[in-house]
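Heads up, entry33.cif below (mmCIF, C-alpha atoms):
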```
data_model
#
loop_
_atom_site.group_PDB
_atom_site.id
_atom_site.type_symbol
_atom_site.label_atom_id
_atom_site.label_comp_id
_atom_site.auth_asym_id
_atom_site.auth_seq_id
_atom_site.Cartn_x
_atom_site.Cartn_y
_atom_site.Cartn_z
ATOM 1 C CA MET A 1 291.540 60.437 -67.442
ATOM 2 C CA MET A 2 288.629 62.150 -69.188
ATOM 3 C CA ARG A 3 288.183 65.592 -70.698
ATOM 4 C CA LEU A 4 284.550 66.670 -70.451
ATOM 5 C CA SER A 5 282.543 69.604 -71.739
ATOM 6 C CA VAL A 6 279.578 70.579 -69.559
ATOM 7 C CA GLU A 7 276.753 72.952 -70.448
ATOM 8 C CA HIS A 8 274.252 73.614 -67.665
ATOM 9 C CA LYS A 9 271.317 75.743 -68.811
ATOM 10 C CA THR A 10 268.681 76.832 -66.324
ATOM 11 C CA GLY A 11 266.375 79.723 -65.539
ATOM 12 C CA PHE A 12 262.758 80.782 -65.260
ATOM 13 C CA HIS A 13 259.762 81.523 -67.439
ATOM 14 C CA TYR A 14 257.513 84.048 -65.675
ATOM 15 C CA ASP A 15 253.727 84.346 -65.838
ATOM 16 C CA SER A 16 253.996 88.118 -66.137
ATOM 17 C CA SER A 17 256.666 90.738 -66.635
ATOM 18 C CA VAL A 18 259.208 90.732 -63.815
ATOM 19 C CA ARG A 19 260.453 94.147 -62.724
ATOM 20 C CA SER A 20 263.641 93.012 -61.010
ATOM 21 C CA SER A 21 265.364 89.850 -59.823
ATOM 22 C CA TYR A 22 268.303 89.064 -57.537
ATOM 23 C CA ASN A 23 270.086 85.739 -57.933
ATOM 24 C CA GLU A 24 273.169 83.686 -57.188
ATOM 25 C CA ALA A 25 274.462 80.706 -59.161
ATOM 26 C CA ARG A 26 276.826 77.930 -58.050
ATOM 27 C CA MET A 27 277.381 76.185 -61.369
ATOM 28 C CA THR A 28 281.122 76.603 -62.031
ATOM 29 C CA PRO A 29 283.450 73.612 -61.428
ATOM 30 C CA ILE A 30 286.494 74.048 -59.203
ATOM 31 C CA SER A 31 289.989 72.616 -59.537
ATOM 32 C CA SER A 32 290.986 69.830 -57.133
ATOM 33 C CA PRO A 33 293.591 67.038 -56.914
ATOM 34 C CA THR A 34 291.474 64.938 -59.301
ATOM 35 C CA GLN A 35 290.059 67.732 -61.481
ATOM 36 C CA SER A 36 291.520 70.548 -63.596
ATOM 37 C CA VAL A 37 289.301 73.273 -65.029
ATOM 38 C CA TRP A 38 290.509 74.229 -68.500
ATOM 39 C CA SER A 39 287.868 76.877 -69.131
ATOM 40 C CA SER A 40 284.609 78.142 -67.666
ATOM 41 C CA ALA A 41 282.084 80.879 -68.383
ATOM 42 C CA LEU A 42 278.662 81.889 -67.133
ATOM 43 C CA THR A 43 276.242 84.040 -69.133
ATOM 44 C CA VAL A 44 272.867 85.478 -68.168
ATOM 45 C CA ASP A 45 270.075 86.763 -70.408
ATOM 46 C CA PRO A 46 268.937 89.534 -69.863
ATOM 47 C CA THR A 47 272.414 90.912 -69.263
ATOM 48 C CA PRO A 48 272.685 91.767 -65.562
ATOM 49 C CA TRP A 49 274.936 93.562 -63.141
ATOM 50 C CA SER A 50 277.097 90.759 -61.762
ATOM 51 C CA TYR A 51 279.826 89.935 -59.267
ATOM 52 C CA THR A 52 281.824 86.730 -58.723
ATOM 53 C CA TYR A 53 283.429 85.497 -55.513
ATOM 54 C CA SER A 54 284.497 82.312 -53.723
ATOM 55 C CA ASP A 55 282.250 81.526 -50.772
ATOM 56 C CA TYR A 56 283.094 80.203 -47.289
ATOM 57 C CA TRP A 57 283.292 76.631 -48.603
ATOM 58 C CA GLY A 58 285.456 77.500 -51.621
ATOM 59 C CA THR A 59 282.670 77.347 -54.213
ATOM 60 C CA TRP A 60 282.516 79.887 -57.044
ATOM 61 C CA VAL A 61 279.412 82.064 -56.708
ATOM 62 C CA HIS A 62 278.060 84.363 -59.442
ATOM 63 C CA THR A 63 275.658 86.942 -58.037
ATOM 64 C CA PHE A 64 273.619 89.026 -60.454
ATOM 65 C CA GLU A 65 270.747 91.494 -60.553
ATOM 66 C CA VAL A 66 268.383 92.180 -63.453
ATOM 67 C CA HIS A 67 266.449 95.460 -63.188
ATOM 68 C CA ASP A 68 264.927 95.664 -66.674
ATOM 69 C CA PRO A 69 261.410 94.190 -67.144
ATOM 70 C CA HIS A 70 261.653 90.613 -68.458
ATOM 71 C CA ARG A 71 259.426 87.567 -69.026
ATOM 72 C CA ALA A 72 262.228 84.989 -68.815
ATOM 73 C CA MET A 73 265.740 84.601 -67.450
ATOM 74 C CA THR A 74 268.309 82.133 -68.773
ATOM 75 C CA VAL A 75 271.594 81.187 -67.112
ATOM 76 C CA VAL A 76 274.160 79.126 -69.028
ATOM 77 C CA ALA A 77 277.295 77.745 -67.372
ATOM 78 C CA SER A 78 279.806 76.240 -69.807
ATOM 79 C CA SER A 79 283.046 74.544 -68.822
ATOM 80 C CA VAL A 80 285.732 72.139 -69.984
ATOM 81 C CA VAL A 81 287.167 69.958 -67.242
ATOM 82 C CA GLU A 82 289.821 67.251 -67.133
ATOM 83 C CA THR A 83 289.085 64.612 -64.503
ATOM 84 C CA ARG A 84 291.243 61.835 -63.064
ATOM 85 C CA ASP A 85 290.473 58.731 -61.032
ATOM 86 C CA ASP A 86 292.380 58.559 -57.744
ATOM 87 C CA ASN A 87 292.973 54.811 -58.384
ATOM 88 C CA ASN A 88 292.133 53.893 -54.796
ATOM 89 C CA PRO A 89 289.348 51.263 -54.915
ATOM 90 C CA TRP A 90 288.737 51.288 -51.164
ATOM 91 C CA ASP A 91 285.011 50.863 -51.759
ATOM 92 C CA THR A 92 285.449 47.212 -52.769
ATOM 93 C CA SER A 93 286.459 46.201 -49.241
ATOM 94 C CA GLY A 94 285.947 49.060 -46.798
ATOM 95 C CA ASP A 95 289.154 48.162 -44.979
ATOM 96 C CA ALA A 96 290.917 50.835 -42.958
ATOM 97 C CA GLN A 97 293.831 52.545 -44.671
ATOM 98 C CA SER A 98 296.973 54.213 -43.419
ATOM 99 C CA GLY A 99 296.078 57.425 -41.597
ATOM 100 C CA ASP A 100 292.425 56.526 -41.035
ATOM 101 C CA LEU A 101 291.104 57.334 -37.593
ATOM 102 C CA THR A 102 288.961 54.865 -35.700
ATOM 103 C CA LEU A 103 285.408 55.796 -34.771
ATOM 104 C CA ALA A 104 286.599 56.245 -31.180
ATOM 105 C CA GLU A 105 289.320 58.658 -32.323
ATOM 106 C CA LEU A 106 286.802 60.632 -34.389
ATOM 107 C CA ALA A 107 284.779 61.049 -31.182
ATOM 108 C CA GLU A 108 287.654 62.853 -29.435
ATOM 109 C CA PRO A 109 286.684 66.444 -28.476
ATOM 110 C CA GLY A 110 289.489 67.970 -30.524
ATOM 111 C CA VAL A 111 288.362 66.269 -33.722
ATOM 112 C CA ARG A 112 284.717 67.097 -33.099
ATOM 113 C CA ALA A 113 285.591 70.753 -32.488
ATOM 114 C CA ILE A 114 287.518 71.063 -35.751
ATOM 115 C CA TRP A 115 284.737 69.509 -37.843
ATOM 116 C CA ALA A 116 281.735 70.708 -35.842
ATOM 117 C CA GLU A 117 280.076 72.189 -38.948
ATOM 118 C CA MET A 118 280.150 68.822 -40.694
ATOM 119 C CA LEU A 119 278.794 67.002 -37.636
ATOM 120 C CA THR A 120 275.801 69.252 -36.985
ATOM 121 C CA LEU A 121 272.424 67.755 -37.885
ATOM 122 C CA SER A 122 270.229 70.253 -39.729
ATOM 123 C CA GLU A 123 266.559 69.975 -40.605
ATOM 124 C CA ARG A 124 267.658 68.726 -44.019
ATOM 125 C CA THR A 125 269.861 65.933 -42.680
ATOM 126 C CA SER A 126 268.504 64.861 -39.263
ATOM 127 C CA PRO A 127 267.941 61.086 -39.468
ATOM 128 C CA PRO A 128 264.680 59.527 -38.248
ATOM 129 C CA ASP A 129 265.073 57.383 -35.117
ATOM 130 C CA GLU A 130 264.882 54.158 -37.129
ATOM 131 C CA LEU A 131 267.719 55.247 -39.426
ATOM 132 C CA ALA A 132 269.827 56.492 -36.510
ATOM 133 C CA GLU A 133 269.485 53.075 -34.853
ATOM 134 C CA LEU A 134 270.450 51.312 -38.088
ATOM 135 C CA ALA A 135 273.522 53.548 -38.273
ATOM 136 C CA ARG A 136 274.543 52.730 -34.705
ATOM 137 C CA THR A 137 274.236 49.006 -35.410
ATOM 138 C CA ALA A 138 276.149 49.235 -38.682
ATOM 139 C CA SER A 139 279.015 51.150 -37.059
ATOM 140 C CA THR A 140 279.699 48.572 -34.338
ATOM 141 C CA GLY A 141 283.197 47.152 -34.805
ATOM 142 C CA SER A 142 283.614 48.663 -38.264
ATOM 143 C CA SER A 143 286.276 50.930 -39.702
ATOM 144 C CA VAL A 144 285.224 54.381 -40.858
ATOM 145 C CA ARG A 145 285.171 53.210 -44.470
ATOM 146 C CA GLY A 146 283.375 50.000 -43.551
ATOM 147 C CA THR A 147 280.777 52.029 -41.672
ATOM 148 C CA VAL A 148 280.184 54.265 -44.702
ATOM 149 C CA LEU A 149 279.636 51.242 -46.942
ATOM 150 C CA ALA A 150 277.388 49.457 -44.424
ATOM 151 C CA ILE A 151 275.169 52.479 -43.742
ATOM 152 C CA SER A 152 274.882 53.311 -47.433
ATOM 153 C CA ARG A 153 273.904 49.715 -48.174
ATOM 154 C CA GLN A 154 271.216 49.781 -45.460
ATOM 155 C CA ILE A 155 269.735 52.915 -47.011
ATOM 156 C CA ARG A 156 269.809 51.622 -50.589
ATOM 157 C CA GLU A 157 268.082 48.427 -49.483
ATOM 158 C CA ARG A 158 265.211 50.432 -48.012
ATOM 159 C CA VAL A 159 264.923 53.535 -50.218
ATOM 160 C CA LYS A 160 264.146 53.372 -53.944
ATOM 161 C CA TYR A 161 265.626 55.815 -56.443
ATOM 162 C CA GLU A 162 262.591 57.386 -58.108
ATOM 163 C CA THR A 163 262.685 60.550 -60.202
ATOM 164 C CA GLY A 164 260.057 63.077 -59.154
ATOM 165 C CA SER A 165 259.255 61.330 -55.882
ATOM 166 C CA THR A 166 260.497 64.239 -53.751
ATOM 167 C CA ARG A 167 260.878 68.001 -54.063
ATOM 168 C CA VAL A 168 263.952 70.161 -53.877
ATOM 169 C CA GLN A 169 262.789 71.247 -50.389
ATOM 170 C CA SER A 170 262.472 67.640 -49.121
ATOM 171 C CA THR A 171 264.391 66.448 -46.055
ATOM 172 C CA ALA A 172 266.025 63.154 -45.145
ATOM 173 C CA THR A 173 262.969 62.345 -43.034
ATOM 174 C CA ASP A 174 260.661 62.897 -46.018
ATOM 175 C CA ALA A 175 262.682 60.494 -48.166
ATOM 176 C CA TRP A 176 262.899 57.882 -45.412
ATOM 177 C CA GLU A 177 259.186 57.967 -44.661
ATOM 178 C CA GLY A 178 258.286 57.741 -48.360
ATOM 179 C CA ARG A 179 261.004 55.142 -48.986
ATOM 180 C CA ASN A 180 261.953 56.910 -52.221
ATOM 181 C CA GLY A 181 264.049 59.815 -53.421
ATOM 182 C CA VAL A 182 266.731 61.100 -55.776
ATOM 183 C CA CYS A 183 270.464 61.709 -55.383
ATOM 184 C CA GLN A 184 269.922 64.761 -53.177
ATOM 185 C CA ASP A 185 267.847 62.658 -50.789
ATOM 186 C CA PHE A 186 270.328 59.772 -50.702
ATOM 187 C CA SER A 187 273.074 62.261 -49.881
ATOM 188 C CA HIS A 188 271.061 63.829 -47.061
ATOM 189 C CA LEU A 189 270.154 60.404 -45.657
ATOM 190 C CA VAL A 190 273.762 59.217 -45.610
ATOM 191 C CA ILE A 191 275.047 62.541 -44.253
ATOM 192 C CA GLY A 192 272.581 62.419 -41.368
ATOM 193 C CA ALA A 193 273.304 58.766 -40.592
ATOM 194 C CA LEU A 194 277.093 59.196 -40.684
ATOM 195 C CA ARG A 195 277.033 62.366 -38.602
ATOM 196 C CA SER A 196 274.816 60.616 -36.053
ATOM 197 C CA VAL A 197 277.632 58.113 -35.381
ATOM 198 C CA GLY A 198 280.324 60.798 -35.303
ATOM 199 C CA ILE A 199 281.722 60.792 -38.843
ATOM 200 C CA PRO A 200 282.164 64.318 -40.287
ATOM 201 C CA THR A 201 280.422 64.346 -43.666
ATOM 202 C CA ARG A 202 279.739 67.008 -46.271
ATOM 203 C CA TYR A 203 277.407 67.397 -49.262
ATOM 204 C CA VAL A 204 279.019 67.600 -52.723
ATOM 205 C CA SER A 205 277.347 69.001 -55.832
ATOM 206 C CA GLY A 206 278.380 68.488 -59.443
ATOM 207 C CA TYR A 207 277.622 66.593 -62.636
ATOM 208 C CA LEU A 208 277.623 62.952 -63.664
ATOM 209 C CA HIS A 209 278.166 61.628 -67.191
ATOM 210 C CA PRO A 210 275.522 58.896 -67.535
ATOM 211 C CA HIS A 211 277.715 56.595 -69.673
ATOM 212 C CA GLY A 212 280.659 56.572 -67.306
ATOM 213 C CA SER A 213 283.943 55.282 -68.701
ATOM 214 C CA GLN A 214 282.057 54.024 -71.776
ATOM 215 C CA ALA A 215 281.275 57.585 -72.913
ATOM 216 C CA GLN A 216 281.973 58.061 -76.620
ATOM 217 C CA VAL A 217 284.319 60.871 -77.630
ATOM 218 C CA GLY A 218 282.458 63.714 -79.363
ATOM 219 C CA GLN A 219 278.962 62.488 -78.480
ATOM 220 C CA ALA A 220 276.820 65.048 -76.639
ATOM 221 C CA VAL A 221 274.413 63.425 -74.171
ATOM 222 C CA MET A 222 271.731 64.647 -71.825
ATOM 223 C CA ALA A 223 273.088 64.446 -68.295
ATOM 224 C CA GLU A 224 272.049 65.902 -64.962
ATOM 225 C CA SER A 225 273.216 67.646 -61.867
ATOM 226 C CA HIS A 226 274.286 65.144 -59.264
ATOM 227 C CA SER A 227 275.194 65.012 -55.591
ATOM 228 C CA TRP A 228 277.332 62.727 -53.467
ATOM 229 C CA VAL A 229 279.121 62.945 -50.116
ATOM 230 C CA GLU A 230 282.606 63.199 -48.672
ATOM 231 C CA PHE A 231 283.573 61.895 -45.226
ATOM 232 C CA TRP A 232 286.600 62.734 -43.095
ATOM 233 C CA SER A 233 288.871 59.691 -42.784
ATOM 234 C CA GLY A 234 291.489 61.262 -40.541
ATOM 235 C CA THR A 235 293.868 62.537 -43.205
ATOM 236 C CA ASP A 236 291.602 63.636 -46.043
ATOM 237 C CA TRP A 237 288.052 64.010 -47.317
ATOM 238 C CA VAL A 238 287.029 60.841 -49.161
ATOM 239 C CA GLY A 239 284.282 60.873 -51.801
ATOM 240 C CA PHE A 240 281.449 58.351 -51.929
ATOM 241 C CA ASP A 241 278.280 58.245 -54.032
ATOM 242 C CA PRO A 242 275.483 56.782 -51.875
ATOM 243 C CA THR A 243 273.040 56.664 -54.781
ATOM 244 C CA SER A 244 275.146 54.143 -56.704
ATOM 245 C CA GLY A 245 277.115 52.708 -53.781
ATOM 246 C CA HIS A 246 280.626 53.411 -55.032
ATOM 247 C CA ARG A 247 283.273 56.132 -54.976
ATOM 248 C CA PRO A 248 283.164 58.894 -57.620
ATOM 249 C CA GLY A 249 285.155 58.195 -60.768
ATOM 250 C CA GLU A 250 286.507 60.219 -63.646
ATOM 251 C CA HIS A 251 283.004 60.721 -65.100
ATOM 252 C CA TYR A 252 282.090 62.933 -62.111
ATOM 253 C CA VAL A 253 282.588 66.702 -62.297
ATOM 254 C CA ARG A 254 282.726 68.547 -58.983
ATOM 255 C CA VAL A 255 281.273 72.038 -58.471
ATOM 256 C CA GLY A 256 281.575 72.437 -54.712
ATOM 257 C CA HIS A 257 280.484 71.319 -51.265
ATOM 258 C CA GLY A 258 278.655 72.458 -48.137
ATOM 259 C CA ARG A 259 276.801 71.172 -45.104
ATOM 260 C CA ASP A 260 273.760 70.197 -47.187
ATOM 261 C CA TYR A 261 271.934 71.194 -50.368
ATOM 262 C CA ASP A 262 271.093 74.647 -49.045
ATOM 263 C CA ASP A 263 274.796 75.614 -49.089
ATOM 264 C CA ILE A 264 275.338 74.592 -52.713
ATOM 265 C CA ALA A 265 272.041 75.064 -54.599
ATOM 266 C CA PRO A 266 272.840 75.666 -58.317
ATOM 267 C CA LEU A 267 270.507 78.661 -58.654
ATOM 268 C CA ARG A 268 268.536 80.621 -56.087
ATOM 269 C CA GLY A 269 267.121 84.090 -55.787
ATOM 270 C CA THR A 270 264.115 86.319 -55.479
ATOM 271 C CA TYR A 271 262.147 88.524 -57.859
ATOM 272 C CA ALA A 272 259.275 91.009 -58.025
ATOM 273 C CA GLY A 273 256.452 89.594 -60.130
ATOM 274 C CA GLY A 274 253.972 86.741 -60.556
ATOM 275 C CA GLY A 275 254.412 82.978 -60.794
ATOM 276 C CA SER A 276 257.367 81.245 -62.430
ATOM 277 C CA GLU A 277 258.406 77.931 -63.952
ATOM 278 C CA LEU A 278 261.941 76.571 -63.590
ATOM 279 C CA PHE A 279 263.684 74.853 -66.509
ATOM 280 C CA VAL A 280 266.942 72.887 -66.408
ATOM 281 C CA THR A 281 269.040 70.993 -68.962
ATOM 282 C CA VAL A 282 272.551 69.583 -68.642
ATOM 283 C CA THR A 283 274.553 68.443 -71.658
ATOM 284 C CA MET A 284 277.900 66.660 -71.348
ATOM 285 C CA THR A 285 280.353 65.717 -74.099
ATOM 286 C CA ARG A 286 283.482 63.655 -73.748
ATOM 287 C CA LEU A 287 286.265 65.466 -75.605
ATOM 288 C CA GLY A 288 289.040 63.008 -74.891
#
```
Give the structure from the file, written as structure tokens.
Amino acid sequence: MMRLSVEHKTGFHYDSSVRSSYNEARMTPISSPTQSVWSSALTVDPTPWSYTYSDYWGTWVHTFEVHDPHRAMTVVASSVVETRDDNNPWDTSGDAQSGDLTLAELAEPGVRAIWAEMLTLSERTSPPDELAELARTASTGSSVRGTVLAISRQIRERVKYETGSTRVQSTATDAWEGRNGVCQDFSHLVIGALRSVGIPTRYVSGYLHPHGSQAQVGQAVMAESHSWVEFWSGTDWVGFDPTSGHRPGEHYVRVGHGRDYDDIAPLRGTYAGGGSELFVTVTMTRLG
């Protein structure tokens, strides 16, 4: 069990005075069976009109409008979260577990109808033909969990993690063709590959403490936003981090999920003015 403080600061510096801006932020962690939110707050400078709601996927969304002229906008999301490991190391073997459906059972029309949204291939997630063929080969005779591990391994063997190699708008095809990417790209690649063989999969957004279980109590460290995936096993959604090749642990903080990055972008909006420059910092501190 870990108790973590997270401060996510982001926003824009503008080239000229901005007359108005309209934004929405998805930066607030949610409670789940392995995560309890002790406190959370989101502040915006300049002070805006704001409204908070839970979206279709269950993610907290803060919408806000700033109508006073401004040269910068800063959004700070602060939270304290207690996380717990589910103590189910399925990722060491990939063996089927009680309640898991087979790939053939996942292909039944009733299952596909229920999870159609998490089986649809978008522009973000559509796998190139080569990757789709690798996924088909990897899924032959495997359990759902074994298929997830095999496909993820195939991708990690061919795609290099490289900061700055892709853009936030990049697709799975972009990352595959360049053979490099970041966590967002690894998530999109695995989502597309798993969906192509009939496994419902969703995109998860959150934070990752870089020191893992070795994090020192009271030490603030620079961290980052992170993404991973969850696949439907037959009884539950099961988390897996394709960037590192293992299931999420207690040093992961979950914000929410969607079909792909576009459903769960931390900050998006529009404004009336000139050019802008985005800035982002994430600081995490283990409290206990």
How close does segment 85-147 of chain A get to segment 168-178 of chain A? List, as CSV, each residue of segment 85-147 of chain A within 9 Å, its nearest atom pair and the distance in Å to one decimal, counting only C-alpha atoms.
```
residue,atom,partner,partner_atom,distance
A:Glu123,CA,A:Thr171,CA,6.8
A:Arg124,CA,A:Thr171,CA,4.5
A:Thr125,CA,A:Ala172,CA,5.3
A:Ser126,CA,A:Ala172,CA,6.6
A:Pro127,CA,A:Thr173,CA,6.2
A:Pro128,CA,A:Thr173,CA,5.8
A:Leu131,CA,A:Trp176,CA,8.1
```
Residues returned when the PyMOL selection byres ((chain A and resi 119) around 7) runs on this file, as number ranges by chain: A: 115-118, 120-121, 195, 198-201
List, as a CSV table (one decimal) with C-alpha atoms, in the frame of the given file, every residue that the PyMOL selection byres ((chain A and resi 16-18) around 8) selects in the file provided.
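Wrote out-v8.csv, looks like this:
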```csv
chain,number,residue,atom,x,y,z
A,14,TYR,CA,257.5,84.0,-65.7
A,15,ASP,CA,253.7,84.3,-65.8
A,19,ARG,CA,260.5,94.1,-62.7
A,20,SER,CA,263.6,93.0,-61.0
A,21,SER,CA,265.4,89.8,-59.8
A,69,PRO,CA,261.4,94.2,-67.1
A,70,HIS,CA,261.7,90.6,-68.5
A,71,ARG,CA,259.4,87.6,-69.0
A,271,TYR,CA,262.1,88.5,-57.9
A,272,ALA,CA,259.3,91.0,-58.0
A,273,GLY,CA,256.5,89.6,-60.1
A,274,GLY,CA,254.0,86.7,-60.6
A,275,GLY,CA,254.4,83.0,-60.8
```
Target residues per the PyMOL selection byres ((chain A and resi 40) around 12), formatted as a VMD selection string: chain A and resid 4 to 8 27 to 31 36 to 39 41 to 43 60 76 to 81 255
Interatomic distance, atom CA of Met222 of chain A to atom CA of Tyr203 of chain A (Å, one decimal):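 It comes out at 23.4 Å.
Closest approach to Thr83 of chain A among A:Met2, A:Val190, A:Ala220, A:Ile264: A:Met2, based on only C-alpha atoms.
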Closest of A:His211, A:His246, A:Arg167, A:Arg259 to Thr285 of chain A - atom-to-atom distances counting only C-alpha atoms: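 Nearest to Thr285 of chain A: A:His211.
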Of the listed residues A:Ala107, A:Ala132, A:Ala215, A:Val229, that which approaches Met1 of chain A most closely, counting all atoms listed in the file: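 Checking each candidate against Met1 of chain A, we get A:Ala215 as the closest.
Atom pair atom CA of Ser32 of chain A / atom CA of Arg153 of chain A has a distance of 27.9 Å (rounded to one decimal).
By only C-alpha atoms, and with residues fewer than 4 positions from Gly181 of chain A along its chain excluded, the set lying at most 6 Å from it is Tyr161, Glu162, Ser165, Thr166, Ala175 and Asp185 of chain A.
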One-decimal distance in Å that lies between atom CA of Tyr22 of chain A and atom CA of Trp49 of chain A: 9.8 Å
Ile155 of chain A surroundings by only C-alpha atoms, 8 Å radius, close-in-sequence under 2 positions cut, as a VMD selection string: chain A and resid 151 to 153 157 to 159 186 189 to 190
Export, as a PDB file, in the frame of the given file, the selected residues with C-alpha atoms.
```pdb
ATOM      1  CA  ILE A 151     275.169  52.479 -43.742  1.00  0.00           C
ATOM      2  CA  SER A 152     274.882  53.311 -47.433  1.00  0.00           C
ATOM      3  CA  ARG A 153     273.904  49.715 -48.174  1.00  0.00           C
ATOM      4  CA  GLU A 157     268.082  48.427 -49.483  1.00  0.00           C
ATOM      5  CA  ARG A 158     265.211  50.432 -48.012  1.00  0.00           C
ATOM      6  CA  VAL A 159     264.923  53.535 -50.218  1.00  0.00           C
ATOM      7  CA  PHE A 186     270.328  59.772 -50.702  1.00  0.00           C
ATOM      8  CA  LEU A 189     270.154  60.404 -45.657  1.00  0.00           C
ATOM      9  CA  VAL A 190     273.762  59.217 -45.610  1.00  0.00           C
TER      10      VAL A 190
END
```
Distance criterion (only C-alpha atoms): nearest to Asp129 of chain A out of A:Asn88, A:Ser196, A:Thr235, A:Ser213: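 Among the listed residues, A:Ser196 lies closest to Asp129 of chain A.
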Selected residue, from A:Ser233, A:Asn23, A:Ser143, A:Thr34, that lies nearest to Thr52 of chain A when counting only C-alpha atoms: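 Of A:Ser233, A:Asn23, A:Ser143, A:Thr34, the one nearest Thr52 of chain A, counting only C-alpha atoms, is A:Asn23.
Residue nearest Ser98 of chain A, chosen from A:Pro33, A:Pro248, A:Gly146, A:Gly234 and counting only C-alpha atoms: A:Gly234.
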Any chance you could model N, CA and C atoms for segment 98-110 of chain A and send them as a PDB file, keeping the file's coordinate frame?
```pdb
ATOM      1  N   SER A  98     295.994  53.465 -44.196  1.00  0.00           N
ATOM      2  CA  SER A  98     296.973  54.213 -43.419  1.00  0.00           C
ATOM      3  C   SER A  98     296.494  55.642 -43.192  1.00  0.00           C
ATOM      4  N   GLY A  99     296.510  56.078 -41.943  1.00  0.00           N
ATOM      5  CA  GLY A  99     296.078  57.425 -41.597  1.00  0.00           C
ATOM      6  C   GLY A  99     294.628  57.531 -41.186  1.00  0.00           C
ATOM      7  N   ASP A 100     293.834  56.490 -41.444  1.00  0.00           N
ATOM      8  CA  ASP A 100     292.425  56.526 -41.035  1.00  0.00           C
ATOM      9  C   ASP A 100     292.317  56.541 -39.515  1.00  0.00           C
ATOM     10  N   LEU A 101     291.426  57.361 -39.007  1.00  0.00           N
ATOM     11  CA  LEU A 101     291.104  57.334 -37.593  1.00  0.00           C
ATOM     12  C   LEU A 101     290.059  56.264 -37.321  1.00  0.00           C
ATOM     13  N   THR A 102     290.043  55.756 -36.107  1.00  0.00           N
ATOM     14  CA  THR A 102     288.961  54.865 -35.700  1.00  0.00           C
ATOM     15  C   THR A 102     287.748  55.707 -35.327  1.00  0.00           C
ATOM     16  N   LEU A 103     286.597  55.060 -35.190  1.00  0.00           N
ATOM     17  CA  LEU A 103     285.408  55.796 -34.771  1.00  0.00           C
ATOM     18  C   LEU A 103     285.611  56.402 -33.385  1.00  0.00           C
ATOM     19  N   ALA A 104     286.330  55.707 -32.520  1.00  0.00           N
ATOM     20  CA  ALA A 104     286.599  56.245 -31.180  1.00  0.00           C
ATOM     21  C   ALA A 104     287.469  57.495 -31.270  1.00  0.00           C
ATOM     22  N   GLU A 105     288.461  57.488 -32.167  1.00  0.00           N
ATOM     23  CA  GLU A 105     289.320  58.658 -32.323  1.00  0.00           C
ATOM     24  C   GLU A 105     288.558  59.835 -32.926  1.00  0.00           C
ATOM     25  N   LEU A 106     287.625  59.558 -33.829  1.00  0.00           N
ATOM     26  CA  LEU A 106     286.802  60.632 -34.389  1.00  0.00           C
ATOM     27  C   LEU A 106     285.927  61.272 -33.317  1.00  0.00           C
ATOM     28  N   ALA A 107     285.635  60.527 -32.260  1.00  0.00           N
ATOM     29  CA  ALA A 107     284.779  61.049 -31.182  1.00  0.00           C
ATOM     30  C   ALA A 107     285.536  61.913 -30.186  1.00  0.00           C
ATOM     31  N   GLU A 108     286.871  62.021 -30.351  1.00  0.00           N
ATOM     32  CA  GLU A 108     287.654  62.853 -29.435  1.00  0.00           C
ATOM     33  C   GLU A 108     287.216  64.319 -29.560  1.00  0.00           C
ATOM     34  N   PRO A 109     287.162  65.054 -28.442  1.00  0.00           N
ATOM     35  CA  PRO A 109     286.684  66.444 -28.476  1.00  0.00           C
ATOM     36  C   PRO A 109     287.427  67.332 -29.471  1.00  0.00           C
ATOM     37  N   GLY A 110     288.735  67.134 -29.607  1.00  0.00           N
ATOM     38  CA  GLY A 110     289.489  67.970 -30.524  1.00  0.00           C
ATOM     39  C   GLY A 110     289.063  67.785 -31.965  1.00  0.00           C
TER      40      GLY A 110
END
```
